[in-house]
$ cat structure.cif   # mmCIF, C-alpha atoms
data_input
loop_
_atom_site.group_PDB
_atom_site.id
_atom_site.type_symbol
_atom_site.label_atom_id
_atom_site.label_comp_id
_atom_site.auth_asym_id
_atom_site.auth_seq_id
_atom_site.Cartn_x
_atom_site.Cartn_y
_atom_site.Cartn_z
ATOM 1 C CA MET A 1059 0.000 0.000 0.000
ATOM 2 C CA SER A 1060 1.334 3.454 -0.838
ATOM 3 C CA THR A 1061 0.241 6.978 -1.572
ATOM 4 C CA GLY A 1062 1.673 9.104 -4.335
ATOM 5 C CA THR A 1063 4.179 8.033 -6.920
ATOM 6 C CA ILE A 1064 7.325 6.305 -5.710
ATOM 7 C CA PRO A 1065 10.197 6.759 -8.157
ATOM 8 C CA GLY A 1066 12.264 3.877 -9.456
ATOM 9 C CA ARG A 1067 15.505 5.653 -8.553
ATOM 10 C CA THR A 1068 16.605 8.227 -6.011
ATOM 11 C CA ARG A 1069 19.711 10.152 -4.999
ATOM 12 C CA ALA A 1070 21.976 8.838 -2.260
ATOM 13 C CA ALA A 1071 25.305 9.713 -0.600
ATOM 14 C CA VAL A 1072 27.458 6.753 -1.633
ATOM 15 C CA LEU A 1073 30.941 6.220 -0.201
ATOM 16 C CA HIS A 1074 33.062 4.471 -2.825
ATOM 17 C CA ALA A 1075 36.356 4.601 -0.907
ATOM 18 C CA ALA A 1076 37.993 6.699 1.768
ATOM 19 C CA LEU A 1077 37.622 10.383 0.827
ATOM 20 C CA ASP A 1078 35.507 9.406 -2.207
ATOM 21 C CA LEU A 1079 31.904 10.325 -1.387
ATOM 22 C CA ARG A 1080 29.552 10.813 -4.329
ATOM 23 C CA VAL A 1081 25.894 11.676 -4.839
ATOM 24 C CA ASP A 1082 24.720 8.802 -7.024
ATOM 25 C CA GLU A 1083 21.419 7.664 -8.468
ATOM 26 C CA VAL A 1084 20.428 4.360 -6.849
ATOM 27 C CA PRO A 1085 17.407 2.067 -7.273
ATOM 28 C CA VAL A 1086 14.482 2.360 -4.866
ATOM 29 C CA THR A 1087 13.976 -1.177 -3.578
ATOM 30 C CA GLY A 1088 11.196 -2.728 -1.545
ATOM 31 C CA PRO A 1089 9.353 -2.712 0.619
ATOM 32 C CA ALA A 1090 9.587 -6.487 0.976
ATOM 33 C CA PRO A 1091 7.295 -8.525 3.242
ATOM 34 C CA GLY A 1092 7.558 -7.198 6.786
ATOM 35 C CA GLU A 1093 9.074 -3.898 5.657
ATOM 36 C CA VAL A 1094 7.969 -0.312 5.190
ATOM 37 C CA LEU A 1095 9.407 2.179 2.714
ATOM 38 C CA VAL A 1096 10.460 5.444 4.371
ATOM 39 C CA ALA A 1097 10.819 8.705 2.467
ATOM 40 C CA VAL A 1098 13.865 9.987 4.338
ATOM 41 C CA GLU A 1099 13.692 13.653 5.364
ATOM 42 C CA ALA A 1100 16.525 14.052 7.895
ATOM 43 C CA VAL A 1101 19.771 12.191 8.592
ATOM 44 C CA GLY A 1102 22.374 12.984 11.232
ATOM 45 C CA VAL A 1103 26.109 12.631 10.660
ATOM 46 C CA CYS A 1104 27.649 10.329 13.247
ATOM 47 C CA GLY A 1105 31.311 10.000 14.148
ATOM 48 C CA SER A 1106 31.240 6.559 12.540
ATOM 49 C CA ASP A 1107 30.222 8.167 9.224
ATOM 50 C CA VAL A 1108 33.235 10.456 9.513
ATOM 51 C CA HIS A 1109 35.531 7.487 10.210
ATOM 52 C CA TYR A 1110 34.248 5.632 7.152
ATOM 53 C CA PHE A 1111 34.758 8.754 5.043
ATOM 54 C CA THR A 1112 38.264 9.615 6.253
ATOM 55 C CA ASP A 1113 39.667 6.114 6.843
ATOM 56 C CA GLY A 1114 37.445 3.679 4.964
ATOM 57 C CA ARG A 1115 36.785 1.872 8.236
ATOM 58 C CA ASN A 1116 35.227 2.267 11.647
ATOM 59 C CA GLY A 1117 37.023 0.172 14.226
ATOM 60 C CA ARG A 1118 37.286 -3.331 12.835
ATOM 61 C CA ASN A 1119 34.521 -2.858 10.274
ATOM 62 C CA VAL A 1120 36.079 -2.083 6.890
ATOM 63 C CA LEU A 1121 34.398 -0.647 3.791
ATOM 64 C CA ARG A 1122 34.068 -3.511 1.295
ATOM 65 C CA GLY A 1123 32.492 -1.709 -1.642
ATOM 66 C CA PRO A 1124 30.313 1.305 -2.461
ATOM 67 C CA MET A 1125 27.926 1.920 0.428
ATOM 68 C CA VAL A 1126 25.255 4.476 1.332
ATOM 69 C CA LEU A 1127 26.176 6.201 4.597
ATOM 70 C CA GLY A 1128 23.962 7.239 7.504
ATOM 71 C CA HIS A 1129 22.075 5.602 10.343
ATOM 72 C CA GLU A 1130 20.514 8.513 12.297
ATOM 73 C CA ALA A 1131 17.357 8.938 10.252
ATOM 74 C CA ALA A 1132 13.769 10.072 10.295
ATOM 75 C CA GLY A 1133 11.156 10.460 7.603
ATOM 76 C CA VAL A 1134 7.647 9.594 6.456
ATOM 77 C CA VAL A 1135 6.225 6.141 5.724
ATOM 78 C CA ALA A 1136 5.653 6.053 1.953
ATOM 79 C CA ALA A 1137 4.553 2.438 1.430
ATOM 80 C CA LEU A 1138 3.846 -0.782 3.344
ATOM 81 C CA GLY A 1139 5.220 -4.140 2.323
ATOM 82 C CA PRO A 1140 3.102 -7.318 2.090
ATOM 83 C CA GLY A 1141 1.727 -8.390 5.455
ATOM 84 C CA VAL A 1142 2.430 -5.041 7.144
ATOM 85 C CA THR A 1143 -0.529 -3.272 8.746
ATOM 86 C CA GLY A 1144 1.203 -0.223 10.201
ATOM 87 C CA PRO A 1145 2.334 2.352 10.883
ATOM 88 C CA ALA A 1146 0.056 3.951 8.332
ATOM 89 C CA VAL A 1147 1.343 5.575 5.174
ATOM 90 C CA GLY A 1148 2.030 9.238 5.927
ATOM 91 C CA THR A 1149 3.199 8.610 9.492
ATOM 92 C CA ARG A 1150 6.367 10.454 10.495
ATOM 93 C CA VAL A 1151 8.835 8.012 12.031
ATOM 94 C CA ALA A 1152 12.288 7.690 13.527
ATOM 95 C CA VAL A 1153 14.315 4.787 12.142
ATOM 96 C CA GLU A 1154 16.063 2.322 14.442
ATOM 97 C CA PRO A 1155 19.248 1.327 12.583
ATOM 98 C CA ALA A 1156 20.391 -1.834 14.404
ATOM 99 C CA VAL A 1157 18.264 -4.745 13.214
ATOM 100 C CA GLY A 1158 18.538 -8.247 14.627
ATOM 101 C CA CYS A 1159 17.282 -11.399 12.964
ATOM 102 C CA GLY A 1160 14.427 -11.563 15.483
ATOM 103 C CA ASP A 1161 14.609 -15.342 15.884
ATOM 104 C CA CYS A 1162 17.868 -16.233 17.674
ATOM 105 C CA PRO A 1163 18.125 -16.613 21.487
ATOM 106 C CA THR A 1164 19.862 -13.231 21.746
ATOM 107 C CA CYS A 1165 17.045 -11.449 19.919
ATOM 108 C CA ARG A 1166 14.378 -13.331 21.864
ATOM 109 C CA SER A 1167 16.049 -12.245 25.102
ATOM 110 C CA GLY A 1168 15.510 -8.621 24.084
ATOM 111 C CA ALA A 1169 19.182 -7.889 23.293
ATOM 112 C CA TYR A 1170 18.583 -7.770 19.541
ATOM 113 C CA HIS A 1171 21.255 -5.063 19.182
ATOM 114 C CA LEU A 1172 23.787 -7.824 19.947
ATOM 115 C CA CYS A 1173 22.356 -10.316 17.436
ATOM 116 C CA PRO A 1174 25.256 -12.364 15.959
ATOM 117 C CA SER A 1175 23.771 -12.006 12.477
ATOM 118 C CA GLY A 1176 22.325 -8.520 12.944
ATOM 119 C CA THR A 1177 22.974 -5.561 10.686
ATOM 120 C CA CYS A 1178 23.193 -1.806 11.146
ATOM 121 C CA PHE A 1179 22.309 0.751 8.499
ATOM 122 C CA GLY A 1180 25.368 2.515 7.115
ATOM 123 C CA SER A 1181 27.762 -0.125 8.437
ATOM 124 C CA PRO A 1182 29.397 -2.383 5.837
ATOM 125 C CA PRO A 1183 27.975 -4.164 3.990
ATOM 126 C CA THR A 1184 24.537 -2.682 4.779
ATOM 127 C CA ASP A 1185 23.472 0.506 3.009
ATOM 128 C CA GLY A 1186 22.449 3.417 5.199
ATOM 129 C CA ALA A 1187 19.783 6.080 5.137
ATOM 130 C CA MET A 1188 21.411 9.025 3.314
ATOM 131 C CA SER A 1189 19.037 8.336 0.472
ATOM 132 C CA GLY A 1190 15.692 9.635 -0.728
ATOM 133 C CA TYR A 1191 14.019 6.352 0.206
ATOM 134 C CA ARG A 1192 14.993 3.449 2.457
ATOM 135 C CA ALA A 1193 13.164 0.155 3.021
ATOM 136 C CA VAL A 1194 13.358 -0.897 6.679
ATOM 137 C CA PRO A 1195 11.739 -3.598 8.825
ATOM 138 C CA ALA A 1196 8.388 -2.400 10.148
ATOM 139 C CA ARG A 1197 9.557 -3.198 13.688
ATOM 140 C CA ALA A 1198 12.419 -0.716 13.260
ATOM 141 C CA VAL A 1199 10.319 2.422 12.750
ATOM 142 C CA HIS A 1200 8.836 4.413 15.603
ATOM 143 C CA PRO A 1201 6.105 7.038 15.126
ATOM 144 C CA LEU A 1202 7.056 10.565 16.156
ATOM 145 C CA PRO A 1203 4.724 12.695 18.283
ATOM 146 C CA ASP A 1204 3.332 15.887 16.793
ATOM 147 C CA THR A 1205 5.415 17.884 19.277
ATOM 148 C CA LEU A 1206 8.667 16.618 17.727
ATOM 149 C CA THR A 1207 9.925 17.815 14.343
ATOM 150 C CA THR A 1208 11.224 15.323 11.821
ATOM 151 C CA GLU A 1209 14.686 16.914 12.076
ATOM 152 C CA LEU A 1210 14.724 16.297 15.830
ATOM 153 C CA GLY A 1211 13.439 12.795 15.126
ATOM 154 C CA ALA A 1212 16.778 12.030 13.499
ATOM 155 C CA LEU A 1213 18.359 12.608 16.925
ATOM 156 C CA VAL A 1214 16.332 9.842 18.555
ATOM 157 C CA GLU A 1215 19.053 7.271 17.750
ATOM 158 C CA PRO A 1216 21.960 9.194 19.356
ATOM 159 C CA LEU A 1217 19.669 10.069 22.264
ATOM 160 C CA ALA A 1218 19.009 6.340 22.700
ATOM 161 C CA VAL A 1219 22.788 5.818 22.900
ATOM 162 C CA ALA A 1220 22.953 8.373 25.701
ATOM 163 C CA VAL A 1221 20.010 6.861 27.581
ATOM 164 C CA HIS A 1222 21.547 3.374 27.332
ATOM 165 C CA ALA A 1223 24.917 4.676 28.557
ATOM 166 C CA VAL A 1224 23.430 6.494 31.552
ATOM 167 C CA ARG A 1225 21.399 3.429 32.494
ATOM 168 C CA ARG A 1226 24.455 1.186 32.224
ATOM 169 C CA ALA A 1227 26.387 3.652 34.375
ATOM 170 C CA GLY A 1228 23.704 3.456 37.037
ATOM 171 C CA VAL A 1229 23.351 7.228 37.363
ATOM 172 C CA SER A 1230 20.904 8.058 40.099
ATOM 173 C CA THR A 1231 19.529 10.908 42.199
ATOM 174 C CA GLY A 1232 22.243 12.991 43.855
ATOM 175 C CA HIS A 1233 25.159 11.530 41.924
ATOM 176 C CA ARG A 1234 28.153 13.605 40.904
ATOM 177 C CA VAL A 1235 28.821 12.763 37.249
ATOM 178 C CA LEU A 1236 31.859 13.462 35.077
ATOM 179 C CA VAL A 1237 31.381 13.381 31.300
ATOM 180 C CA THR A 1238 34.595 13.462 29.265
ATOM 181 C CA GLY A 1239 34.042 14.735 25.732
ATOM 182 C CA ALA A 1240 31.574 17.460 24.735
ATOM 183 C CA GLY A 1241 30.651 16.183 21.301
ATOM 184 C CA PRO A 1242 27.013 15.398 20.439
ATOM 185 C CA ILE A 1243 26.989 12.147 22.435
ATOM 186 C CA GLY A 1244 28.742 13.706 25.423
ATOM 187 C CA VAL A 1245 26.272 16.593 25.548
ATOM 188 C CA LEU A 1246 23.319 14.208 25.233
ATOM 189 C CA VAL A 1247 24.795 12.017 27.989
ATOM 190 C CA ALA A 1248 25.108 15.074 30.223
ATOM 191 C CA GLN A 1249 21.479 16.023 29.592
ATOM 192 C CA VAL A 1250 20.238 12.478 30.262
ATOM 193 C CA ALA A 1251 22.329 12.278 33.443
ATOM 194 C CA ARG A 1252 20.680 15.466 34.687
ATOM 195 C CA ALA A 1253 17.261 14.047 33.797
ATOM 196 C CA ALA A 1254 18.162 10.897 35.751
ATOM 197 C CA GLY A 1255 18.641 13.003 38.875
ATOM 198 C CA ALA A 1256 22.372 13.732 38.936
ATOM 199 C CA GLU A 1257 23.063 16.681 41.219
ATOM 200 C CA GLN A 1258 26.307 17.653 39.491
ATOM 201 C CA VAL A 1259 27.325 17.040 35.868
ATOM 202 C CA VAL A 1260 30.764 18.305 34.875
ATOM 203 C CA VAL A 1261 31.784 18.055 31.208
ATOM 204 C CA THR A 1262 35.400 18.188 30.008
ATOM 205 C CA ASP A 1263 36.802 18.867 26.545
ATOM 206 C CA VAL A 1264 39.629 20.774 24.879
ATOM 207 C CA HIS A 1265 37.415 23.127 22.836
ATOM 208 C CA ASP A 1266 35.758 26.109 24.531
ATOM 209 C CA ALA A 1267 32.964 26.310 21.946
ATOM 210 C CA ARG A 1268 31.896 22.756 22.717
ATOM 211 C CA LEU A 1269 32.063 23.392 26.442
ATOM 212 C CA ASP A 1270 29.961 26.534 26.069
ATOM 213 C CA ARG A 1271 27.349 24.486 24.234
ATOM 214 C CA ALA A 1272 27.378 21.850 26.988
ATOM 215 C CA ALA A 1273 26.905 24.536 29.637
ATOM 216 C CA GLY A 1274 24.036 26.062 27.676
ATOM 217 C CA LEU A 1275 22.356 22.673 27.468
ATOM 218 C CA GLY A 1276 22.445 21.831 31.161
ATOM 219 C CA ALA A 1277 25.942 20.906 32.358
ATOM 220 C CA THR A 1278 26.509 22.289 35.864
ATOM 221 C CA GLY A 1279 30.214 22.798 35.203
ATOM 222 C CA THR A 1280 32.819 22.555 32.436
ATOM 223 C CA VAL A 1281 36.612 22.193 32.337
ATOM 224 C CA ASN A 1282 38.924 22.735 29.373
ATOM 225 C CA THR A 1283 41.538 20.091 30.165
ATOM 226 C CA ALA A 1284 43.944 21.476 27.571
ATOM 227 C CA ARG A 1285 44.278 24.524 29.800
ATOM 228 C CA ASP A 1286 42.968 23.753 33.278
ATOM 229 C CA GLU A 1287 43.277 20.954 35.827
ATOM 230 C CA LEU A 1288 40.229 18.927 36.743
ATOM 231 C CA GLY A 1289 40.930 19.754 40.385
ATOM 232 C CA GLU A 1290 40.343 17.772 43.543
ATOM 233 C CA ALA A 1291 36.668 17.029 42.921
ATOM 234 C CA THR A 1292 35.622 13.391 43.137
ATOM 235 C CA PHE A 1293 32.776 11.844 41.215
ATOM 236 C CA ASP A 1294 30.411 8.922 41.606
ATOM 237 C CA ARG A 1295 30.160 8.163 37.912
ATOM 238 C CA LEU A 1296 32.370 8.662 34.859
ATOM 239 C CA LEU A 1297 30.967 8.472 31.329
ATOM 240 C CA GLU A 1298 33.838 8.622 28.839
ATOM 241 C CA CYS A 1299 32.595 9.994 25.493
ATOM 242 C CA SER A 1300 35.772 11.271 23.828
ATOM 243 C CA ALA A 1301 37.526 7.990 22.871
ATOM 244 C CA VAL A 1302 40.775 9.624 24.064
ATOM 245 C CA PRO A 1303 42.721 7.218 26.337
ATOM 246 C CA ALA A 1304 44.146 10.048 28.430
ATOM 247 C CA ALA A 1305 40.629 11.305 29.182
ATOM 248 C CA LEU A 1306 39.581 7.856 30.370
ATOM 249 C CA TRP A 1307 42.489 7.562 32.766
ATOM 250 C CA GLN A 1308 42.105 11.116 34.028
ATOM 251 C CA GLY A 1309 38.424 10.460 34.642
ATOM 252 C CA MET A 1310 39.048 7.181 36.437
ATOM 253 C CA HIS A 1311 41.454 8.923 38.809
ATOM 254 C CA ALA A 1312 38.702 11.424 39.607
ATOM 255 C CA LEU A 1313 36.288 8.717 40.799
ATOM 256 C CA GLY A 1314 35.559 8.426 44.485
ATOM 257 C CA PRO A 1315 35.046 5.221 46.498
ATOM 258 C CA ALA A 1316 32.687 2.764 44.780
ATOM 259 C CA GLY A 1317 32.719 4.950 41.677
ATOM 260 C CA ARG A 1318 31.861 3.478 38.301
ATOM 261 C CA ALA A 1319 33.393 4.196 34.890
ATOM 262 C CA THR A 1320 31.409 3.577 31.691
ATOM 263 C CA VAL A 1321 33.156 3.766 28.316
ATOM 264 C CA VAL A 1322 30.864 5.257 25.666
ATOM 265 C CA GLY A 1323 33.389 6.482 23.076
ATOM 266 C CA GLN A 1324 34.933 3.954 20.718
ATOM 267 C CA ALA A 1325 38.288 3.492 22.407
ATOM 268 C CA PRO A 1326 40.988 1.022 21.307
ATOM 269 C CA ASP A 1327 40.337 -2.622 22.179
ATOM 270 C CA ALA A 1328 42.779 -2.494 25.100
ATOM 271 C CA LEU A 1329 44.031 0.449 27.121
ATOM 272 C CA ARG A 1330 46.604 0.856 29.837
ATOM 273 C CA ALA A 1331 47.690 3.765 31.938
ATOM 274 C CA PRO A 1332 50.550 5.831 30.457
ATOM 275 C CA GLY A 1333 53.855 4.396 31.681
ATOM 276 C CA ALA A 1334 52.249 1.354 33.286
ATOM 277 C CA ASP A 1335 53.618 -2.169 33.009
ATOM 278 C CA PRO A 1336 51.842 -3.635 29.946
ATOM 279 C CA HIS A 1337 51.060 -6.772 31.971
ATOM 280 C CA HIS A 1338 49.143 -4.827 34.613
ATOM 281 C CA LEU A 1339 46.240 -2.411 34.865
ATOM 282 C CA LYS A 1340 44.672 -3.251 31.528
ATOM 283 C CA VAL A 1341 41.126 -2.297 30.648
ATOM 284 C CA VAL A 1342 39.514 -4.334 27.892
ATOM 285 C CA VAL A 1343 36.706 -2.640 25.994
ATOM 286 C CA ARG A 1344 34.228 -5.030 24.415
ATOM 287 C CA PRO A 1345 32.240 -3.496 21.529
ATOM 288 C CA GLY A 1346 28.492 -3.675 22.025
ATOM 289 C CA ASP A 1347 28.665 -4.102 25.787
#
$ encode --input "structure.cif" --output "structure tokens"
Amino acid sequence: MSTGTIPGRTRAAVLHAALDLRVDEVPVTGPAPGEVLVAVEAVGVCGSDVHYFTDGRNGRNVLRGPMVLGHEAAGVVAALGPGVTGPAVGTRVAVEPAVGCGDCPTCRSGAYHLCPSGTCFGSPPTDGAMSGYRAVPARAVHPLPDTLTTELGALVEPLAVAVHAVRRAGVSTGHRVLVTGAGPIGVLVAQVARAAGAEQVVVTDVHDARLDRAAGLGATGTVNTARDELGEATFDRLLECSAVPAALWQGMHALGPAGRATVVGQAPDALRAPGADPHHLKVVVRPGD
């Protein structure tokens, strides 16, 4: 079922190789059974998109051929695939990019984002959402309320990252929270931590403009660690959002008794304190944890 005319081809941002991003004409496919076709209206640019563009890889996932970028998306349902009853055509939706198979024990447990055979839009070899149209599983679209613009709907995915991180960190009422890194995820983490009841949320970075933005969006304090010391303050929770090893270690040293550190940024697989014996004090970061 669809309304209006759906074209056979549409424009998309296709990454052919590192530093080789082109606007190409691509076929409009689907929707297949169980899918909906979304007319994409807004897509955010994630750090992973930047890594694919500059390096041709993001962590251990390497570009294997031309691929459409983008996984932070929102748009309007343009057509329903066979067997799909909703959401109705014309509904504005946010797109959930990580799709599990839905049948394995991991998916059935609710942890479908860790599905061994799962895919994520804009992560090789799966095309992303920087395209005029994108077919997605019906279970992966979420209607947006009238109070939320479609552009803000594209931020639902990074906001979900922040909510998950704050929950994993166990942030609670009265906590003193340190957020290292004032990029989009760090600022969202700071806002979610405040919403979770944190009494103090201090954000660190090395760029004043980013810190000013964090302060304007709810951080109770900011520190430019390129210029100033973090001081003697101790924190109950650390959420590391910069992927800079030095920031992780600095933040861990600022934790008080029974403090908890949660790594949100994509750090190297293994980290150790500067100057430490490589056989001691190792932190292993497991992707998807």
$ resolve_selection --input "structure.cif" --expression "the PyMOL selection byres ((chain A and resi 1172) around 12)" --output "list in words"
Ala1156, Val1157, Gly1158, Cys1159, Gly1160, Cys1162, Pro1163, Thr1164, Cys1165, Arg1166, Ser1167, Gly1168, Ala1169, Tyr1170, His1171, Cys1173, Pro1174, Ser1175, Gly1176, Thr1177, Cys1178, Arg1344, Pro1345, Gly1346 and Asp1347 of chain A
$ resolve_selection --input "structure.cif" --expression "the PyMOL selection byres ((chain A and resi 1282-1292) around 12)" --output "ChimeraX atom specification"
/A:1233-1240,1258-1270,1272,1279-1281,1293-1296,1304-1305,1308-1318
$ resolve_selection --input "structure.cif" --expression "the PyMOL selection byres ((chain A and resi 1181) around 10)" --output "MDAnalysis selection string"
chainID A and resid 1106:1107 1110 1115:1116 1119:1121 1125:1129 1155:1156 1177:1180 1182:1186
$ atom_distance --input "structure.cif" --atom1 "atom CA of Thr1087 of chain A" --atom2 "atom CA of Arg1150 of chain A"
19.8 Å
$ residues_near_point --input "structure.cif" --point "(11.4, -3.4, 6.6)" --cutoff "10 Å" --atoms "all atoms listed in the file" --output "list in words"
Gly1088, Pro1089, Ala1090, Pro1091, Gly1092, Glu1093, Val1094, Leu1095, Val1096, Leu1138, Gly1139, Val1142, Val1157, Arg1192, Ala1193, Val1194, Pro1195, Ala1196, Arg1197, Ala1198 and Val1199 of chain A
$ write_last_selection --input "structure.cif" --atoms "C-alpha atoms" --output "PDB file, in the coordinates of the input"
ATOM      1  CA  GLY A1088      11.196  -2.728  -1.545  1.00  0.00           C
ATOM      2  CA  PRO A1089       9.353  -2.712   0.619  1.00  0.00           C
ATOM      3  CA  ALA A1090       9.587  -6.487   0.976  1.00  0.00           C
ATOM      4  CA  PRO A1091       7.295  -8.525   3.242  1.00  0.00           C
ATOM      5  CA  GLY A1092       7.558  -7.198   6.786  1.00  0.00           C
ATOM      6  CA  GLU A1093       9.074  -3.898   5.657  1.00  0.00           C
ATOM      7  CA  VAL A1094       7.969  -0.312   5.190  1.00  0.00           C
ATOM      8  CA  LEU A1095       9.407   2.179   2.714  1.00  0.00           C
ATOM      9  CA  VAL A1096      10.460   5.444   4.371  1.00  0.00           C
ATOM     10  CA  LEU A1138       3.846  -0.782   3.344  1.00  0.00           C
ATOM     11  CA  GLY A1139       5.220  -4.140   2.323  1.00  0.00           C
ATOM     12  CA  VAL A1142       2.430  -5.041   7.144  1.00  0.00           C
ATOM     13  CA  VAL A1157      18.264  -4.745  13.214  1.00  0.00           C
ATOM     14  CA  ARG A1192      14.993   3.449   2.457  1.00  0.00           C
ATOM     15  CA  ALA A1193      13.164   0.155   3.021  1.00  0.00           C
ATOM     16  CA  VAL A1194      13.358  -0.897   6.679  1.00  0.00           C
ATOM     17  CA  PRO A1195      11.739  -3.598   8.825  1.00  0.00           C
ATOM     18  CA  ALA A1196       8.388  -2.400  10.148  1.00  0.00           C
ATOM     19  CA  ARG A1197       9.557  -3.198  13.688  1.00  0.00           C
ATOM     20  CA  ALA A1198      12.419  -0.716  13.260  1.00  0.00           C
ATOM     21  CA  VAL A1199      10.319   2.422  12.750  1.00  0.00           C
TER      22      VAL A1199
END
$ residues_near_point --input "structure.cif" --point "(1.2, 4.3, 11.1)" --cutoff "10 Å" --atoms "all atoms listed in the file" --output "list in words"
Val1134, Val1135, Leu1138, Thr1143, Gly1144, Pro1145, Ala1146, Val1147, Gly1148, Thr1149, Arg1150, Val1151, Ala1196, Val1199, His1200, Pro1201 and Leu1202 of chain A
$ write_last_selection --input "structure.cif" --atoms "C-alpha atoms" --output "PDB file, in the coordinates of the input"
ATOM      1  CA  VAL A1134       7.647   9.594   6.456  1.00  0.00           C
ATOM      2  CA  VAL A1135       6.225   6.141   5.724  1.00  0.00           C
ATOM      3  CA  LEU A1138       3.846  -0.782   3.344  1.00  0.00           C
ATOM      4  CA  THR A1143      -0.529  -3.272   8.746  1.00  0.00           C
ATOM      5  CA  GLY A1144       1.203  -0.223  10.201  1.00  0.00           C
ATOM      6  CA  PRO A1145       2.334   2.352  10.883  1.00  0.00           C
ATOM      7  CA  ALA A1146       0.056   3.951   8.332  1.00  0.00           C
ATOM      8  CA  VAL A1147       1.343   5.575   5.174  1.00  0.00           C
ATOM      9  CA  GLY A1148       2.030   9.238   5.927  1.00  0.00           C
ATOM     10  CA  THR A1149       3.199   8.610   9.492  1.00  0.00           C
ATOM     11  CA  ARG A1150       6.367  10.454  10.495  1.00  0.00           C
ATOM     12  CA  VAL A1151       8.835   8.012  12.031  1.00  0.00           C
ATOM     13  CA  ALA A1196       8.388  -2.400  10.148  1.00  0.00           C
ATOM     14  CA  VAL A1199      10.319   2.422  12.750  1.00  0.00           C
ATOM     15  CA  HIS A1200       8.836   4.413  15.603  1.00  0.00           C
ATOM     16  CA  PRO A1201       6.105   7.038  15.126  1.00  0.00           C
ATOM     17  CA  LEU A1202       7.056  10.565  16.156  1.00  0.00           C
TER      18      LEU A1202
END
$ atom_distance --input "structure.cif" --atom1 "atom CA of Glu1215 of chain A" --atom2 "atom CA of Ile1064 of chain A"
26.2 Å
$ closest_residue --input "structure.cif" --among "A:Val1081, A:Ala1076, A:Leu1297, A:Ala1212" --to "His1109 of chain A" --atoms "only C-alpha atoms"
A:Ala1076
$ atom_distance --input "structure.cif" --atom1 "atom CA of Ala1256 of chain A" --atom2 "atom CA of Val1322 of chain A"
17.9 Å
$ axis_aligned_box --input "structure.cif" --around "segment 1163-1181 of chain A" --padding-each-side "4 Å" --output "lines of an AutoDock Vina configuration file"
center_x = 21.1
center_y = -7.0
center_z = 16.1
size_x = 21.4
size_y = 27.1
size_z = 26.0
$ closest_residue --input "structure.cif" --among "A:Asp1113, A:Cys1104, A:Ala1251, A:Ala1132" --to "Gly1211 of chain A" --atoms "all atoms listed in the file"
A:Ala1132
$ closest_residue --input "structure.cif" --among "A:Ile1243, A:Val1153, A:Val1229, A:Ala1248" --to "Val1214 of chain A" --atoms "only C-alpha atoms"
A:Val1153
$ decode --input "structure.cif" --residues "segment 1139-1176 of chain A" --atoms "C-alpha atoms" --output "mmCIF file, in the first residue's frame"
data_model
loop_
_atom_site.group_PDB
_atom_site.id
_atom_site.type_symbol
_atom_site.label_atom_id
_atom_site.label_comp_id
_atom_site.auth_asym_id
_atom_site.auth_seq_id
_atom_site.Cartn_x
_atom_site.Cartn_y
_atom_site.Cartn_z
ATOM 1 C CA GLY A 1139 5.220 -4.140 2.323
ATOM 2 C CA PRO A 1140 3.102 -7.318 2.090
ATOM 3 C CA GLY A 1141 1.727 -8.390 5.455
ATOM 4 C CA VAL A 1142 2.430 -5.041 7.144
ATOM 5 C CA THR A 1143 -0.529 -3.272 8.746
ATOM 6 C CA GLY A 1144 1.203 -0.223 10.201
ATOM 7 C CA PRO A 1145 2.334 2.352 10.883
ATOM 8 C CA ALA A 1146 0.056 3.951 8.332
ATOM 9 C CA VAL A 1147 1.343 5.575 5.174
ATOM 10 C CA GLY A 1148 2.030 9.238 5.927
ATOM 11 C CA THR A 1149 3.199 8.610 9.492
ATOM 12 C CA ARG A 1150 6.367 10.454 10.495
ATOM 13 C CA VAL A 1151 8.835 8.012 12.031
ATOM 14 C CA ALA A 1152 12.288 7.690 13.527
ATOM 15 C CA VAL A 1153 14.315 4.787 12.142
ATOM 16 C CA GLU A 1154 16.063 2.322 14.442
ATOM 17 C CA PRO A 1155 19.248 1.327 12.583
ATOM 18 C CA ALA A 1156 20.391 -1.834 14.404
ATOM 19 C CA VAL A 1157 18.264 -4.745 13.214
ATOM 20 C CA GLY A 1158 18.538 -8.247 14.627
ATOM 21 C CA CYS A 1159 17.282 -11.399 12.964
ATOM 22 C CA GLY A 1160 14.427 -11.563 15.483
ATOM 23 C CA ASP A 1161 14.609 -15.342 15.884
ATOM 24 C CA CYS A 1162 17.868 -16.233 17.674
ATOM 25 C CA PRO A 1163 18.125 -16.613 21.487
ATOM 26 C CA THR A 1164 19.862 -13.231 21.746
ATOM 27 C CA CYS A 1165 17.045 -11.449 19.919
ATOM 28 C CA ARG A 1166 14.378 -13.331 21.864
ATOM 29 C CA SER A 1167 16.049 -12.245 25.102
ATOM 30 C CA GLY A 1168 15.510 -8.621 24.084
ATOM 31 C CA ALA A 1169 19.182 -7.889 23.293
ATOM 32 C CA TYR A 1170 18.583 -7.770 19.541
ATOM 33 C CA HIS A 1171 21.255 -5.063 19.182
ATOM 34 C CA LEU A 1172 23.787 -7.824 19.947
ATOM 35 C CA CYS A 1173 22.356 -10.316 17.436
ATOM 36 C CA PRO A 1174 25.256 -12.364 15.959
ATOM 37 C CA SER A 1175 23.771 -12.006 12.477
ATOM 38 C CA GLY A 1176 22.325 -8.520 12.944
#
